[in-house]
Structures are given as C-alpha cells and as structure tokens.
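Worksheet: one structure, shown below.
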Amino acid sequence: METARLPPFLKTMTARQTAYVRAYFVAVVLLGLFIYRDYGVSWDESYDRVQGLVTAKYILSSLAPHWTENRTVFIGVPDFQTYLENDHGALFHTPFAFIEVLLGVDSRTFYLIKHVGVFLTFVLGLWSMYAMARIRFSSWKVGLFACTLLLLSPRIFADAFYNSKDLVFLSVFTFGVYTLVRFLHRPTLAGAVLMGFGTALTTDIRILGCVLFALALGMLFLEVVFGTTSKAHRLFLGKAAACYCATTIVFTIIGWPYLWTGPIDNFFMAFENMKRFRFDAEVLYLGQLVPTLHLPWHYAPVWIVVTTPVAYTISFVVGLFSYGFQLLRNALATLRTLEGRLDLLFAGWFFVPLLMVILLHSVIYDGWRHLYFIYPAMILLATRGIYAVWRASQRQLLLKRVALVLAMLVGAEVMYTVVRMVKAHPNQQVFFSFLSAPQAEQLFERDYWGVSYRKGLEWILAHDTSPLINVDSPFPILLENNLGILKPADRARFKINPAAKEVYYLTSYRAHPEPYPASVGNEVHAVRTNGIKILSVFYRW
C-alpha cells in the first residue's frame, strides 16, 4: 500500500537501491558533522547575526513586549523600523537568533550551530539535485552522480559551512526548482501548493527568488502549449497555476516580516532597493583593481570558468550544444517531451540570471558568489552532456572508445579535485581550476571571505605564550568574527590594538596582489592552499 502512494519516479527503486541512496546522504551528513568545527567565520556572519536579532526583536516585541525589553541580548540591537537593511529577507537568520535569545549561547557556540545549519540546508539542496536528475534521466545512479559533482565543487563545498547568504540561497533555490520539476512530472494540486511554498521560501531568503516564480509560470505555459492536448488537463493546469500563485503570495508574506505592514507597497520597495543597489568599491580582476560600478560584462563568466573544475565546464558546454542541436533539428518534438522541457528549464535557470547581471549592469563582487544559485543548473546541463555522450557511445564502437577515454579523463580530474579539496581543508574557498598559484595570486582576489583568519589566530596561539597578544588587520571585523569562534580562554588573550608597539598584522589579500611593505612587520607565518598564499601573519615590534 505504501508503494502505491509513492510518486511514479520512485516506484522503480528496489529496497537495496533505496538503501544505497540513504547511505549516501547519511555519509554526507556525517562528513559535515565531522569537519564543521574546522571552518572560520566569514565577513558577513556578524552582520547576519544582527539582522536575525533585529527580526527576532521585532517579532518578540509584538508577542511579549515586556519580556523582550528585559533581554540583555537585545541591548544595542536596532529597531526593525529604523534598521537600514530591514527589507532583506531574514528567514534563515531569525531561527538562530531565537536560539541565541532563548538559550543564551556564547559566540563560539552560536557560530558552530549556524555552520551546522548552513550545511544541513546545503544537504537539502544536494537531495533536491539528486531528485531532479533522477526524474530527468530516469536513473537514481545519474541522480547521485549529479549531486556528487555539486558536492565535489571546492568553493561551493567550503561556503556550504559558513556562507549563510549565497549558499543558503543556492540550496533553497534548488529545492524550489525541484518542487517545480516534481509538479511537472506528477501534476497535482498538492504539488502546486508545495511548489508555491518552495518559491516563497526562496523569495523570503532573497528577493531574487522572483526569478523562480517567473520560471515556474513559463514552464506552466509550456506545459499548456506542448505538454498536453487535453482540454480538461489545460483547465486543471489553470487551477494549479492559480493555486501556485496564491500559495506563493501567502507564504511569502508570512515568512518576510518586512511585508507584514504593507505587503504590496513594501514588496515593490524592496524590489526597487535591489535594483538600485550600488556597492562602490574595487575588486581585483585580471590583475587590475576594477570599480564594482564599472565591471566588464565578462566578469561573472570568467570567474565561473576559472573556479569550476575543467571537466565540469567542458561537460556543460557539451550538454548545452547537444541540447541546442536537438532543438534546431526538431524543436517541436523536443519540447513535447518532459525531458526536453526540463532541459529548457535548466538552461533558463542558468542563463536568465546571468544575462540579467550582464545586461542590467548589476553590481556583483567577491567573484560570482551572488550567482552561485545558477551553479546547480550548470551541473545538471553538464550531466546532460555526459549522459548524451554515453548514449551516443552505445550505438557506435568508435564513439564507445571515445566515451571511454573521456570518462577516464573526467574521472581523473574528479579524483584530482578531491585530492586538492582534502589538501586545502578547511580553505577550499580559494580554488582555481587551471591557474597556477602565481597566476591566481596576481590576477584574482584570494580569501575575500576572510575565514582563513582563524588559522592565523590559532597559529599565533600555538607559538606565542604571552598572556596578552595585540593584533591588527586592514579589516578588523575579520579579526572580531574569527575571535568569536575561538574558545573563550583563547579569545581573552587577544586584543585588537593597532597602536601597540608589538603587534601581529593579519591579511588575506583581498584586492591586494602585491607584497606588503616592511612597515607592517616581518612575515612570520603564511597559510597556503594548493600553493596559493591566502593569509599572511606579520609581526611588528
């Protein structure tokens, strides 16, 4: 009876196959729980903490104002109405603020809990990737292969522990697309409600979730035009679309406190604020300091290529061209298949946001982290490329040999990537696919998140027995953040004091490719990842 209630794409799995899939994800979770303590605290995590506290204070003030006034954790926390970033979605940050308020955890415990939460959210994204690939390619093995490529993407993997902005958005966006794929494969009104919940969840994390709403409506339109010839089914799709829109609106308002006092006006205000966002700074790009307000169109594409394993990029190009050739040969027949429409969805998922950034001259910085949410689409199309080569190889002996050679090359690079990830731990966030260490150091920013500061502070603790240690940095917030994850006794030994006579100076080379002058001190330690210097510790006396 239970099997009969399962979606059709799960009915073909045997108990052993199901056990393999469960074991895979259990292993991933255990891996994360084994290493999550190793990562430092990124640049934005203290800001995210404040954003969560602002929202928690706003909610608790409405429910229990007198109790909230007496909480010391809210001392100095701005009011929601006057907070400059109150229009930013805080759905992910707020539960952790409640944990801090109710349990009174210290900074170290808070950041460790937050890192576990970010990683478990990423596991949801991995599972969603598996489920989508399983539907698209009718194979649980291909599903696991696709999410393994996502897992073995070094920068994504590292950010999956501390990046509660871009990686959380990647994960929930992937889940949202999965709910859409699930509905297209097995359309029900309950599926439309789940799809609406997925879109709302994504929008409440970041307003760019509207892209998912547009993709969903576009796919429902394609479903009406190409997916059915039944009038009754078209009427059903109309009801499902109305149900989806209503669910999306309701859950978006519930999960976004900024909308509570004026859903329509505040939503459009938040959208306008997003369009007007202008972060005026300089980034190191191709060896030059370039203003973020005047980035060249190729900024994001180049960053994607140089930070994605080469085999993944080549497979993506193969998948894209094979799909394009199929469309040119017979677009109507292609779009009449669910697989053909899903491939179009994945292509739209990748290209629509990328083209928006290029054509609208949107401000992005720190590599392409603001576009990380399109990366799963790239992996799905890469999987399509590998799958297309494999299918073609079944028809000709020559192609079979070519496919075998390609498989060996892809497998070799995947293993090489794994080795590099292990050696770089816990600083996989500074990964370049084919650049040499000197080229990477000269052309691009290194540890722009600053999480390697933790390793620098721990080295100082291990090599300096002084009861009080003075430290300095070009960005003191990175010292404050990474001191926050140290044990209290270790944290108490440090003082951020630029004016001290004897001081350690830490830097992670953000927008600074050249060596530092002698005035900052002598370099006493360097943290490297795959040969790239990502942090220097200088000592001045």
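Ligands are numbered from 1 in the order shown, residues from 1 within each chain, and chains are lettered A, B, ... in the order they appear in the structure tokens.
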For stretch 59-62 of chain A, please output as a PyMOL selection string all residues within 9 Å (counting only C-alpha atoms; exclusion window: fewer than 6 positions along the same chain). chain A and resi 68-69+257
Based on the selection just made, write N, CA and C atoms of those residues as a compact mmCIF listing (two decimals), in the first residue's frame.
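Listed below is the output, result_16.txt:
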# COMPACT_ATOMS: atom_id res chain seq x y z
N THR A 68 10.59 41.05 26.24
CA THR A 68 11.64 41.38 25.27
C THR A 68 12.51 42.54 25.76
N GLU A 69 11.89 43.53 26.43
CA GLU A 69 12.64 44.68 26.91
C GLU A 69 13.71 44.30 27.92
N PRO A 257 8.85 39.40 7.43
CA PRO A 257 8.24 40.41 8.31
C PRO A 257 8.16 41.80 7.71
Contacts of A:Leu112 at 8 Å or less, counting only C-alpha atoms, minus same-chain residues fewer than 2 places along, as an MDAnalysis selection string? chainID A and resid 36:37 108:110 114:116 485
Could you pull the residues within 8 Å of A:Phe432, counting only C-alpha atoms, minus those fewer than 2 positions along the same chain, as a PDB file with C-alpha atoms, in the first residue's frame?
ATOM      1  CA  VAL A 306      38.401  29.775 -13.578  1.00  0.00           C
ATOM      2  CA  THR A 307      36.759  28.430 -10.394  1.00  0.00           C
ATOM      3  CA  THR A 308      34.872  25.443 -11.825  1.00  0.00           C
ATOM      4  CA  VAL A 430      40.253  29.635  -2.669  1.00  0.00           C
ATOM      5  CA  PHE A 434      43.617  25.537 -14.021  1.00  0.00           C
ATOM      6  CA  LEU A 435      45.585  28.624 -12.974  1.00  0.00           C
ATOM      7  CA  ALA A 440      45.922  33.139  -9.267  1.00  0.00           C
TER       8      ALA A 440
END
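Nearest residue to A:Thr252 among A:Tyr539, A:Tyr162, A:Phe213, A:Phe25 is A:Phe213, counting only C-alpha atoms.
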Looking at A:Arg384, A:His463, A:Arg493, A:Lys275, which one is nearest to A:Phe145, with distances taken over only C-alpha atoms? A:Arg384
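If you look at atom CA of A:Tyr258 and atom CA of A:Asp87, they are 5.7 Å away from each other.
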Each residue of stretch 145-191 of chain A with at least one atom at most 12 Å from stretch 358-379 of chain A should appear once, together with its nearest atom pair and the corresponding distance in Å (one decimal); atoms considered: only C-alpha atoms; ordering: chain, then increasing residue number; output as JSON lines.
{"residue": "A:Phe145", "atom": "CA", "partner": "A:Ile379", "partner_atom": "CA", "distance": 10.0}
{"residue": "A:Ala146", "atom": "CA", "partner": "A:Ile379", "partner_atom": "CA", "distance": 6.6}
{"residue": "A:Cys147", "atom": "CA", "partner": "A:Ile379", "partner_atom": "CA", "distance": 8.2}
{"residue": "A:Thr148", "atom": "CA", "partner": "A:Ile379", "partner_atom": "CA", "distance": 9.7}
{"residue": "A:Leu149", "atom": "CA", "partner": "A:Ile379", "partner_atom": "CA", "distance": 6.9}
{"residue": "A:Leu150", "atom": "CA", "partner": "A:Ile379", "partner_atom": "CA", "distance": 6.7}
{"residue": "A:Leu151", "atom": "CA", "partner": "A:Pro376", "partner_atom": "CA", "distance": 10.3}
{"residue": "A:Leu152", "atom": "CA", "partner": "A:Ile379", "partner_atom": "CA", "distance": 11.0}
{"residue": "A:Ser153", "atom": "CA", "partner": "A:Tyr375", "partner_atom": "CA", "distance": 9.8}
{"residue": "A:Arg155", "atom": "CA", "partner": "A:Arg369", "partner_atom": "CA", "distance": 9.4}
{"residue": "A:Ile156", "atom": "CA", "partner": "A:Tyr372", "partner_atom": "CA", "distance": 8.0}
{"residue": "A:Phe157", "atom": "CA", "partner": "A:Tyr372", "partner_atom": "CA", "distance": 11.6}
{"residue": "A:Asp159", "atom": "CA", "partner": "A:Arg369", "partner_atom": "CA", "distance": 9.5}
{"residue": "A:Ala160", "atom": "CA", "partner": "A:Tyr372", "partner_atom": "CA", "distance": 11.2}
{"residue": "A:Asn163", "atom": "CA", "partner": "A:Arg369", "partner_atom": "CA", "distance": 9.5}
{"residue": "A:Ser164", "atom": "CA", "partner": "A:Arg369", "partner_atom": "CA", "distance": 11.6}
{"residue": "A:Lys165", "atom": "CA", "partner": "A:His370", "partner_atom": "CA", "distance": 8.7}
{"residue": "A:Asp166", "atom": "CA", "partner": "A:His370", "partner_atom": "CA", "distance": 6.1}
{"residue": "A:Leu167", "atom": "CA", "partner": "A:Tyr372", "partner_atom": "CA", "distance": 7.1}
{"residue": "A:Val168", "atom": "CA", "partner": "A:Phe373", "partner_atom": "CA", "distance": 8.9}
{"residue": "A:Phe169", "atom": "CA", "partner": "A:Phe373", "partner_atom": "CA", "distance": 6.4}
{"residue": "A:Leu170", "atom": "CA", "partner": "A:Phe373", "partner_atom": "CA", "distance": 3.9}
{"residue": "A:Ser171", "atom": "CA", "partner": "A:Phe373", "partner_atom": "CA", "distance": 7.5}
{"residue": "A:Val172", "atom": "CA", "partner": "A:Phe373", "partner_atom": "CA", "distance": 8.8}
{"residue": "A:Phe173", "atom": "CA", "partner": "A:Phe373", "partner_atom": "CA", "distance": 6.6}
{"residue": "A:Thr174", "atom": "CA", "partner": "A:Pro376", "partner_atom": "CA", "distance": 7.1}
{"residue": "A:Phe175", "atom": "CA", "partner": "A:Pro376", "partner_atom": "CA", "distance": 10.6}
{"residue": "A:Gly176", "atom": "CA", "partner": "A:Phe373", "partner_atom": "CA", "distance": 11.2}
{"residue": "A:Val177", "atom": "CA", "partner": "A:Ala377", "partner_atom": "CA", "distance": 9.7}
{"residue": "A:Tyr178", "atom": "CA", "partner": "A:Pro376", "partner_atom": "CA", "distance": 11.1}
May I have the selected residues written with N, CA and C atoms, as a compact mmCIF listing (two decimals), in the first residue's frame?
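Below is the file that was written, out_23.txt:
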# COMPACT_ATOMS: atom_id res chain seq x y z
N PHE A 145 25.12 10.82 -9.22
CA PHE A 145 26.28 11.37 -9.93
C PHE A 145 26.20 12.89 -10.00
N ALA A 146 25.01 13.41 -10.33
CA ALA A 146 24.85 14.86 -10.46
C ALA A 146 25.09 15.56 -9.13
N CYS A 147 24.52 15.03 -8.04
CA CYS A 147 24.72 15.73 -6.77
C CYS A 147 26.15 15.54 -6.25
N THR A 148 26.84 14.48 -6.71
CA THR A 148 28.24 14.32 -6.35
C THR A 148 29.10 15.40 -7.01
N LEU A 149 28.79 15.74 -8.26
CA LEU A 149 29.50 16.83 -8.92
C LEU A 149 29.30 18.14 -8.16
N LEU A 150 28.09 18.36 -7.66
CA LEU A 150 27.83 19.57 -6.87
C LEU A 150 28.61 19.52 -5.56
N LEU A 151 28.62 18.38 -4.92
CA LEU A 151 29.33 18.22 -3.66
C LEU A 151 30.84 18.42 -3.85
N LEU A 152 31.37 17.90 -4.96
CA LEU A 152 32.81 18.00 -5.22
C LEU A 152 33.14 19.24 -6.04
N SER A 153 32.57 20.34 -5.66
CA SER A 153 32.88 21.66 -6.22
C SER A 153 33.50 22.45 -5.09
N ARG A 155 34.76 25.41 -4.07
CA ARG A 155 34.28 26.66 -3.49
C ARG A 155 32.87 26.51 -2.91
N ILE A 156 32.04 25.77 -3.59
CA ILE A 156 30.69 25.53 -3.10
C ILE A 156 30.76 24.75 -1.79
N PHE A 157 31.60 23.74 -1.73
CA PHE A 157 31.71 22.89 -0.54
C PHE A 157 32.14 23.71 0.68
N ASP A 159 31.96 27.03 1.16
CA ASP A 159 30.92 28.00 1.51
C ASP A 159 29.70 27.35 2.15
N ALA A 160 29.53 26.06 1.94
CA ALA A 160 28.38 25.34 2.49
C ALA A 160 28.43 25.22 4.00
N ASN A 163 28.65 30.29 4.56
CA ASN A 163 28.03 31.31 3.71
C ASN A 163 26.51 31.21 3.83
N SER A 164 25.98 31.91 4.82
CA SER A 164 24.53 31.83 5.07
C SER A 164 23.73 32.75 4.15
N LYS A 165 24.40 33.38 3.20
CA LYS A 165 23.70 34.16 2.19
C LYS A 165 23.60 33.36 0.89
N ASP A 166 24.72 33.27 0.19
CA ASP A 166 24.70 32.73 -1.17
C ASP A 166 24.48 31.22 -1.21
N LEU A 167 25.08 30.48 -0.26
CA LEU A 167 24.91 29.03 -0.29
C LEU A 167 23.54 28.60 0.21
N VAL A 168 23.01 29.34 1.17
CA VAL A 168 21.64 29.05 1.60
C VAL A 168 20.67 29.34 0.46
N PHE A 169 20.91 30.45 -0.25
CA PHE A 169 20.04 30.76 -1.38
C PHE A 169 20.17 29.72 -2.47
N LEU A 170 21.40 29.28 -2.76
CA LEU A 170 21.60 28.19 -3.72
C LEU A 170 20.78 26.96 -3.33
N SER A 171 20.83 26.61 -2.06
CA SER A 171 20.18 25.39 -1.60
C SER A 171 18.66 25.48 -1.68
N VAL A 172 18.10 26.61 -1.20
CA VAL A 172 16.64 26.72 -1.23
C VAL A 172 16.14 26.96 -2.64
N PHE A 173 16.91 27.65 -3.48
CA PHE A 173 16.51 27.82 -4.88
C PHE A 173 16.46 26.46 -5.57
N THR A 174 17.45 25.62 -5.30
CA THR A 174 17.47 24.27 -5.88
C THR A 174 16.27 23.47 -5.41
N PHE A 175 15.95 23.59 -4.12
CA PHE A 175 14.75 22.92 -3.61
C PHE A 175 13.50 23.46 -4.31
N GLY A 176 13.44 24.77 -4.50
CA GLY A 176 12.29 25.36 -5.18
C GLY A 176 12.14 24.86 -6.60
N VAL A 177 13.25 24.74 -7.33
CA VAL A 177 13.18 24.21 -8.69
C VAL A 177 12.76 22.74 -8.65
N TYR A 178 13.22 22.01 -7.65
CA TYR A 178 12.80 20.61 -7.53
C TYR A 178 11.28 20.51 -7.38
List as a PDB file with C-alpha atoms, in the first residue's frame the protein and nucleic acid residues near A:Phe538, meaning an atom at most 10 Å away when only C-alpha atoms are counted, but skip any in the same chain fewer than 5 places from it.
ATOM      1  CA  VAL A 471      46.589  42.020  16.682  1.00  0.00           C
ATOM      2  CA  ASP A 472      45.685  44.245  13.759  1.00  0.00           C
ATOM      3  CA  SER A 473      44.315  43.870  10.233  1.00  0.00           C
ATOM      4  CA  VAL A 503      51.523  43.621  17.226  1.00  0.00           C
ATOM      5  CA  TYR A 504      50.640  40.822  14.815  1.00  0.00           C
ATOM      6  CA  TYR A 505      49.219  42.027  11.495  1.00  0.00           C
ATOM      7  CA  LEU A 506      46.973  39.567   9.584  1.00  0.00           C
ATOM      8  CA  THR A 507      45.809  39.945   5.983  1.00  0.00           C
ATOM      9  CA  TYR A 516      53.053  44.248   1.841  1.00  0.00           C
ATOM     10  CA  ALA A 518      58.172  46.362   5.562  1.00  0.00           C
ATOM     11  CA  SER A 519      56.289  48.861   7.723  1.00  0.00           C
ATOM     12  CA  VAL A 520      53.642  46.246   8.589  1.00  0.00           C
ATOM     13  CA  GLY A 521      56.321  43.957  10.038  1.00  0.00           C
ATOM     14  CA  ASN A 522      58.160  40.755   9.199  1.00  0.00           C
ATOM     15  CA  GLU A 523      56.171  37.842   7.805  1.00  0.00           C
ATOM     16  CA  VAL A 524      56.327  35.087  10.444  1.00  0.00           C
ATOM     17  CA  HIS A 525      53.679  32.747   9.036  1.00  0.00           C
ATOM     18  CA  ALA A 526      51.672  32.147   5.857  1.00  0.00           C
TER      19      ALA A 526
END
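Using only C-alpha atoms for every distance, the candidate list A:Gln396, A:Thr199, A:Thr14, A:Ser315 yields A:Thr199 as the residue closest to A:Leu180.
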Can you list, as a PyMOL selection string, every residue of stretch 85-298 of chain A that DSSP puts in helix (DSSP H, G or I)? chain A and resi 93-103+107-137+140-151+154-162+166-185+189-205+207-226+231-254+257-259+263-275+292-294
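Inside stretch 138-292 of chain A, the residues DSSP reads as strand (DSSP E or B) when given the backbone are A:Glu282, A:Val283, A:Leu284, A:Tyr285, A:Gln288, A:Leu289, A:Val290, A:Pro291.
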Find the residues around stretch 208-211 of chain A up to 10 Å (only C-alpha atoms counted), leave out those fewer than 3 positions away in its own chain, and share them as a PDB file with C-alpha atoms, in the first residue's frame.
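Output file out29.pdb follows:
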ATOM      1  CA  PHE A 169      20.041  30.763  -1.382  1.00  0.00           C
ATOM      2  CA  VAL A 172      16.636  26.718  -1.226  1.00  0.00           C
ATOM      3  CA  PHE A 173      16.511  27.817  -4.879  1.00  0.00           C
ATOM      4  CA  GLY A 176      12.287  25.359  -5.177  1.00  0.00           C
ATOM      5  CA  GLY A 198       9.232  26.381  -2.361  1.00  0.00           C
ATOM      6  CA  THR A 199       9.037  29.656  -4.301  1.00  0.00           C
ATOM      7  CA  ALA A 200       8.010  31.599  -1.196  1.00  0.00           C
ATOM      8  CA  LEU A 201      10.833  30.052   0.822  1.00  0.00           C
ATOM      9  CA  THR A 202      13.289  31.106  -1.867  1.00  0.00           C
ATOM     10  CA  THR A 203      11.910  34.658  -2.094  1.00  0.00           C
ATOM     11  CA  ASP A 204      11.951  35.055   1.691  1.00  0.00           C
ATOM     12  CA  ILE A 205      15.666  34.244   1.665  1.00  0.00           C
ATOM     13  CA  ALA A 214       8.921  33.632 -13.498  1.00  0.00           C
ATOM     14  CA  LEU A 215      10.486  30.299 -14.458  1.00  0.00           C
ATOM     15  CA  ALA A 216       7.573  28.414 -12.935  1.00  0.00           C
ATOM     16  CA  PHE A 271      12.456  45.250  -5.364  1.00  0.00           C
ATOM     17  CA  MET A 274      17.510  45.676  -5.005  1.00  0.00           C
ATOM     18  CA  GLY A 348      16.765  29.232 -18.343  1.00  0.00           C
ATOM     19  CA  TRP A 349      17.804  28.748 -14.725  1.00  0.00           C
ATOM     20  CA  VAL A 352      18.358  34.228 -17.275  1.00  0.00           C
ATOM     21  CA  PRO A 353      20.051  35.445 -14.044  1.00  0.00           C
ATOM     22  CA  PHE A 373      22.385  29.723  -7.239  1.00  0.00           C
TER      23      PHE A 373
END
So that I can see what lies close to A:Leu286, please list as a PyMOL selection string the residues with an atom at most 10 Å from it, counting only C-alpha atoms and leaving out residues fewer than 2 positions away in the same chain. chain A and resi 283-284+288-290+299+302-303+439-440+442-445
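Going from atom CA of A:Lys423 over to atom CA of A:Lys487, you cover 25.2 Å.
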